Amino acid sequence: MNGKVYLVGAGPGDPDFLTLKAARVLRESDVVLHDDLISTQILQLIPRHVEVRNVGKRFGEKKNTQREINSLMVNFAHRGHQVVRLKSGDPMIFGRVGEEIAALKEAKVDFEIVPGISAAIGAAAALQTSLTHRQSSHAFIAIAGHSASGFDETNWDALIETRATIAVYMPGDYAALARKLQRAGLDPKTPCAIVSKATTPEELAITTTIAGLGNLSPLPPPAVLLTGQVLRNARITPGVPIPRNAGHVHEALYE
C-alpha cells in the first residue's frame, strides 16, 4: 500500500494565488502536514475529513524536527495515504525541501512537487514594482537572512557587485542587515522596502533607504526585504507602514 507525497507551495498567503493543481491536491488529500505560516484562509479550503497537522518551525522553536517531519511523510505514504506537505511561498525556495526529497527517495516513496508563488514575488506585487528592469536591474537574487549554521557565509561584496535586486527572506535584525549591506559597498541612499504578510488582509509595507533601515521597528513575520534601484518606483509612502487596501497610495520619493 504505497501512497504519494505532494510537496506543495501555498504561495504568499492569499488563497486566490494558489495554483489550480495545489487546490486540487488539497481537496483530494488524506493528510496535510503544513508549515506554521500557512494562512487561515488557505487551511479553511481543506476538507473537514482530512487529517491536518501543523508541523511548523518558527522563531527557532520547533514543534517537530525535520527528521520527524520526514518520518511522518514516509509513514503516511507507506500506509497508502495521499499526503500534502504544504509550505508557504514556493517549496523550492528556503523550504528545506531538498532534505525532504532525499528522505522520500531513500524510502522509495512516490512524490511530486507543486510550485507556488514565492514571498518575494508577492511582496513585489504589493509594492507594484518589478523585481527587474532593463534600465536599472538585470537580475534578481534571493537570499535568507538566517543560516542553519548560525554563521553568515554570504559573500555580500559579490552580491552588491551584481547590481541586482536583492530579496532577503527572514531579514531578522534590520540594523545589522543594513550594516552588512553598507560594508559591502551598497550606497546608503539605495531604496528598500519591507513587506509583511504579503497578499493577505494583514499585509503591511514600508519603504525607506538602506541608511534608514536600522531605524525601523520589525514588521510581523513572515516578512521580506527588497532592495535595489527598482524600488524607486514602489507605491508606498516612505517610512510609514501602509496596510493593504488603505484607499490611497503615494509615490515613494528618495533623495
# chains A, B, ... in the order shown; residues from 1 in each chain; ligands from 1
>>> select_by_dssp(residues="stretch 176-232 of chain A", states="strand (DSSP E)", output="PDB file with N, CA and C atoms, in the first residue's frame")
ATOM      1  N   PRO A 191      17.169  52.637  -2.244  1.00  0.00           N
ATOM      2  CA  PRO A 191      15.832  52.396  -1.686  1.00  0.00           C
ATOM      3  C   PRO A 191      15.638  50.929  -1.319  1.00  0.00           C
ATOM      4  N   CYS A 192      14.826  50.703  -0.306  1.00  0.00           N
ATOM      5  CA  CYS A 192      14.484  49.341   0.092  1.00  0.00           C
ATOM      6  C   CYS A 192      13.078  49.335   0.672  1.00  0.00           C
ATOM      7  N   ALA A 193      12.526  48.153   0.811  1.00  0.00           N
ATOM      8  CA  ALA A 193      11.174  48.012   1.354  1.00  0.00           C
ATOM      9  C   ALA A 193      11.075  46.723   2.144  1.00  0.00           C
ATOM     10  N   ILE A 194      10.287  46.764   3.202  1.00  0.00           N
ATOM     11  CA  ILE A 194       9.929  45.569   3.954  1.00  0.00           C
ATOM     12  C   ILE A 194       8.443  45.326   3.725  1.00  0.00           C
ATOM     13  N   VAL A 195       8.095  44.105   3.359  1.00  0.00           N
ATOM     14  CA  VAL A 195       6.686  43.749   3.198  1.00  0.00           C
ATOM     15  C   VAL A 195       6.386  42.580   4.120  1.00  0.00           C
ATOM     16  N   SER A 196       5.383  42.757   4.953  1.00  0.00           N
ATOM     17  CA  SER A 196       4.966  41.741   5.915  1.00  0.00           C
ATOM     18  C   SER A 196       3.638  41.141   5.489  1.00  0.00           C
ATOM     19  N   LEU A 204       1.351  44.536   5.427  1.00  0.00           N
ATOM     20  CA  LEU A 204       1.918  45.848   5.736  1.00  0.00           C
ATOM     21  C   LEU A 204       3.169  46.028   4.896  1.00  0.00           C
ATOM     22  N   ALA A 205       3.389  47.245   4.423  1.00  0.00           N
ATOM     23  CA  ALA A 205       4.593  47.539   3.662  1.00  0.00           C
ATOM     24  C   ALA A 205       5.161  48.876   4.122  1.00  0.00           C
ATOM     25  N   ILE A 206       6.473  48.975   4.086  1.00  0.00           N
ATOM     26  CA  ILE A 206       7.123  50.222   4.464  1.00  0.00           C
ATOM     27  C   ILE A 206       8.364  50.391   3.600  1.00  0.00           C
ATOM     28  N   THR A 207       8.588  51.600   3.103  1.00  0.00           N
ATOM     29  CA  THR A 207       9.771  51.872   2.304  1.00  0.00           C
ATOM     30  C   THR A 207      10.685  52.836   3.035  1.00  0.00           C
ATOM     31  N   THR A 208      11.969  52.706   2.754  1.00  0.00           N
ATOM     32  CA  THR A 208      12.969  53.590   3.339  1.00  0.00           C
ATOM     33  C   THR A 208      14.201  53.498   2.457  1.00  0.00           C
ATOM     34  N   THR A 209      15.339  53.852   3.000  1.00  0.00           N
ATOM     35  CA  THR A 209      16.618  53.634   2.323  1.00  0.00           C
ATOM     36  C   THR A 209      17.450  52.714   3.204  1.00  0.00           C
ATOM     37  N   ALA A 223       8.123  38.156   6.688  1.00  0.00           N
ATOM     38  CA  ALA A 223       8.459  39.418   6.044  1.00  0.00           C
ATOM     39  C   ALA A 223       9.609  39.203   5.067  1.00  0.00           C
ATOM     40  N   VAL A 224       9.638  40.046   4.044  1.00  0.00           N
ATOM     41  CA  VAL A 224      10.700  40.015   3.043  1.00  0.00           C
ATOM     42  C   VAL A 224      11.208  41.429   2.848  1.00  0.00           C
ATOM     43  N   LEU A 225      12.532  41.574   2.766  1.00  0.00           N
ATOM     44  CA  LEU A 225      13.127  42.855   2.426  1.00  0.00           C
ATOM     45  C   LEU A 225      13.541  42.835   0.972  1.00  0.00           C
ATOM     46  N   LEU A 226      13.168  43.879   0.245  1.00  0.00           N
ATOM     47  CA  LEU A 226      13.602  44.060  -1.136  1.00  0.00           C
ATOM     48  C   LEU A 226      14.444  45.321  -1.208  1.00  0.00           C
ATOM     49  N   THR A 227      15.568  45.261  -1.914  1.00  0.00           N
ATOM     50  CA  THR A 227      16.389  46.454  -2.094  1.00  0.00           C
ATOM     51  C   THR A 227      16.989  46.483  -3.478  1.00  0.00           C
TER      52      THR A 227
END
>>> closest_atom_pairs(of="stretch 69-154 of chain A", to="stretch 170-182 of chain A", cutoff="10 Å", atoms="only C-alpha atoms", output="JSON lines")
{"residue": "A:Phe94", "atom": "CA", "partner": "A:Met170", "partner_atom": "CA", "distance": 9.9}
{"residue": "A:Ile143", "atom": "CA", "partner": "A:Met170", "partner_atom": "CA", "distance": 9.0}
{"residue": "A:Ala144", "atom": "CA", "partner": "A:Met170", "partner_atom": "CA", "distance": 6.2}
{"residue": "A:Gly145", "atom": "CA", "partner": "A:Pro171", "partner_atom": "CA", "distance": 4.5}
{"residue": "A:His146", "atom": "CA", "partner": "A:Met170", "partner_atom": "CA", "distance": 6.8}
>>> write_last_selection(atoms="C-alpha atoms", output="PDB file, in the first residue's frame")
ATOM      1  CA  PHE A  94      14.207  28.220   1.551  1.00  0.00           C
ATOM      2  CA  ILE A 143      18.901  35.129  -0.024  1.00  0.00           C
ATOM      3  CA  ALA A 144      17.983  34.060   3.510  1.00  0.00           C
ATOM      4  CA  GLY A 145      18.646  36.405   6.415  1.00  0.00           C
ATOM      5  CA  HIS A 146      19.423  33.424   8.665  1.00  0.00           C
TER       6      HIS A 146
END
>>> residues_around(residues="A:Val55", least_positions_apart="6", cutoff="12 Å", atoms="only C-alpha atoms", output="ChimeraX atom specification")
/A:32-38,61-73,85-87
>>> select_by_dssp(residues="stretch 66-116 of chain A", states="alpha helix (DSSP H)", output="PyMOL selection string")
chain A and resi 66-78+97-106
>>> residues_around(residues="A:Phe76", least_positions_apart="4", cutoff="12 Å", atoms="only C-alpha atoms", output="list in words")
Met1, Asn2, Gly3, Lys4, Val5, Ser29, Asp30, Val31, Val32, Leu33, Glu51, Ile69, Asn70, Ser71, Leu72, Gly80, His81, Gln82, Val83, Val84, Arg85, Leu104, Ala107, Val109 and Asp110 of chain A
>>> write_last_selection(atoms="N, CA and C atoms", output="tab-separated table (two decimals), in the first residue's frame")
chain	number	residue	atom	x	y	z
A	1	MET	N	0.85	-1.18	0.00
A	1	MET	CA	0.00	0.00	0.00
A	1	MET	C	0.89	1.23	0.00
A	2	ASN	N	1.19	1.74	-1.17
A	2	ASN	CA	2.03	2.92	-1.27
A	2	ASN	C	1.20	4.12	-1.69
A	3	GLY	N	1.29	5.17	-0.89
A	3	GLY	CA	0.63	6.41	-1.24
A	3	GLY	C	1.58	7.32	-1.99
A	4	LYS	N	1.30	8.61	-1.91
A	4	LYS	CA	2.11	9.58	-2.64
A	4	LYS	C	2.18	10.85	-1.82
A	5	VAL	N	3.32	11.55	-1.92
A	5	VAL	CA	3.52	12.81	-1.22
A	5	VAL	C	3.60	13.94	-2.24
A	29	SER	N	-6.58	15.19	-0.79
A	29	SER	CA	-5.60	14.64	0.15
A	29	SER	C	-6.26	13.85	1.28
A	30	ASP	N	-5.46	12.98	1.88
A	30	ASP	CA	-5.86	12.29	3.11
A	30	ASP	C	-5.24	12.94	4.34
A	31	VAL	N	-4.03	13.49	4.14
A	31	VAL	CA	-3.28	14.10	5.24
A	31	VAL	C	-2.61	15.36	4.72
A	32	VAL	N	-2.64	16.44	5.52
A	32	VAL	CA	-1.92	17.66	5.20
A	32	VAL	C	-0.98	17.98	6.36
A	33	LEU	N	0.30	18.09	6.06
A	33	LEU	CA	1.31	18.49	7.03
A	33	LEU	C	1.76	19.89	6.63
A	51	GLU	N	-6.98	14.72	7.66
A	51	GLU	CA	-6.17	14.89	8.86
A	51	GLU	C	-5.16	16.02	8.62
A	69	ILE	N	9.37	15.26	10.70
A	69	ILE	CA	8.52	15.60	9.55
A	69	ILE	C	8.74	14.60	8.43
A	70	ASN	N	10.00	14.28	8.17
A	70	ASN	CA	10.31	13.29	7.14
A	70	ASN	C	9.66	11.95	7.45
A	71	SER	N	9.72	11.56	8.71
A	71	SER	CA	9.15	10.29	9.14
A	71	SER	C	7.64	10.27	8.96
A	72	LEU	N	6.98	11.38	9.29
A	72	LEU	CA	5.53	11.47	9.12
A	72	LEU	C	5.14	11.30	7.65
A	80	GLY	N	-0.54	4.08	2.49
A	80	GLY	CA	-1.42	4.25	1.34
A	80	GLY	C	-2.10	5.59	1.23
A	81	HIS	N	-1.69	6.56	2.05
A	81	HIS	CA	-2.35	7.86	2.04
A	81	HIS	C	-1.74	8.80	1.00
A	82	GLN	N	-2.59	9.73	0.53
A	82	GLN	CA	-2.09	10.84	-0.27
A	82	GLN	C	-1.78	11.98	0.69
A	83	VAL	N	-0.52	12.37	0.72
A	83	VAL	CA	-0.03	13.33	1.71
A	83	VAL	C	0.36	14.63	1.02
A	84	VAL	N	-0.10	15.75	1.57
A	84	VAL	CA	0.33	17.06	1.10
A	84	VAL	C	1.24	17.68	2.16
A	85	ARG	N	2.46	17.94	1.76
A	85	ARG	CA	3.38	18.70	2.62
A	85	ARG	C	3.28	20.13	2.14
A	104	LEU	N	12.37	11.08	1.02
A	104	LEU	CA	11.35	10.36	0.24
A	104	LEU	C	12.00	9.41	-0.76
A	107	ALA	N	13.30	6.37	1.08
A	107	ALA	CA	12.22	5.47	1.50
A	107	ALA	C	11.44	4.92	0.31
A	109	VAL	N	9.43	6.46	-1.76
A	109	VAL	CA	8.07	7.00	-1.76
A	109	VAL	C	7.89	7.86	-3.01
A	110	ASP	N	6.81	7.63	-3.70
A	110	ASP	CA	6.48	8.43	-4.87
A	110	ASP	C	6.13	9.85	-4.41
>>> atom_distance(atom1="atom CA of A:Arg183", atom2="atom CA of A:Ala164")
16.8 Å
>>> closest_residue(among="A:Gly228, A:Gly89, A:Gly214, A:Pro15", to="A:Gly116", atoms="only C-alpha atoms")
A:Gly89
>>> atom_distance(atom1="atom CA of A:Val8", atom2="atom CA of A:Ile113")
6.1 Å
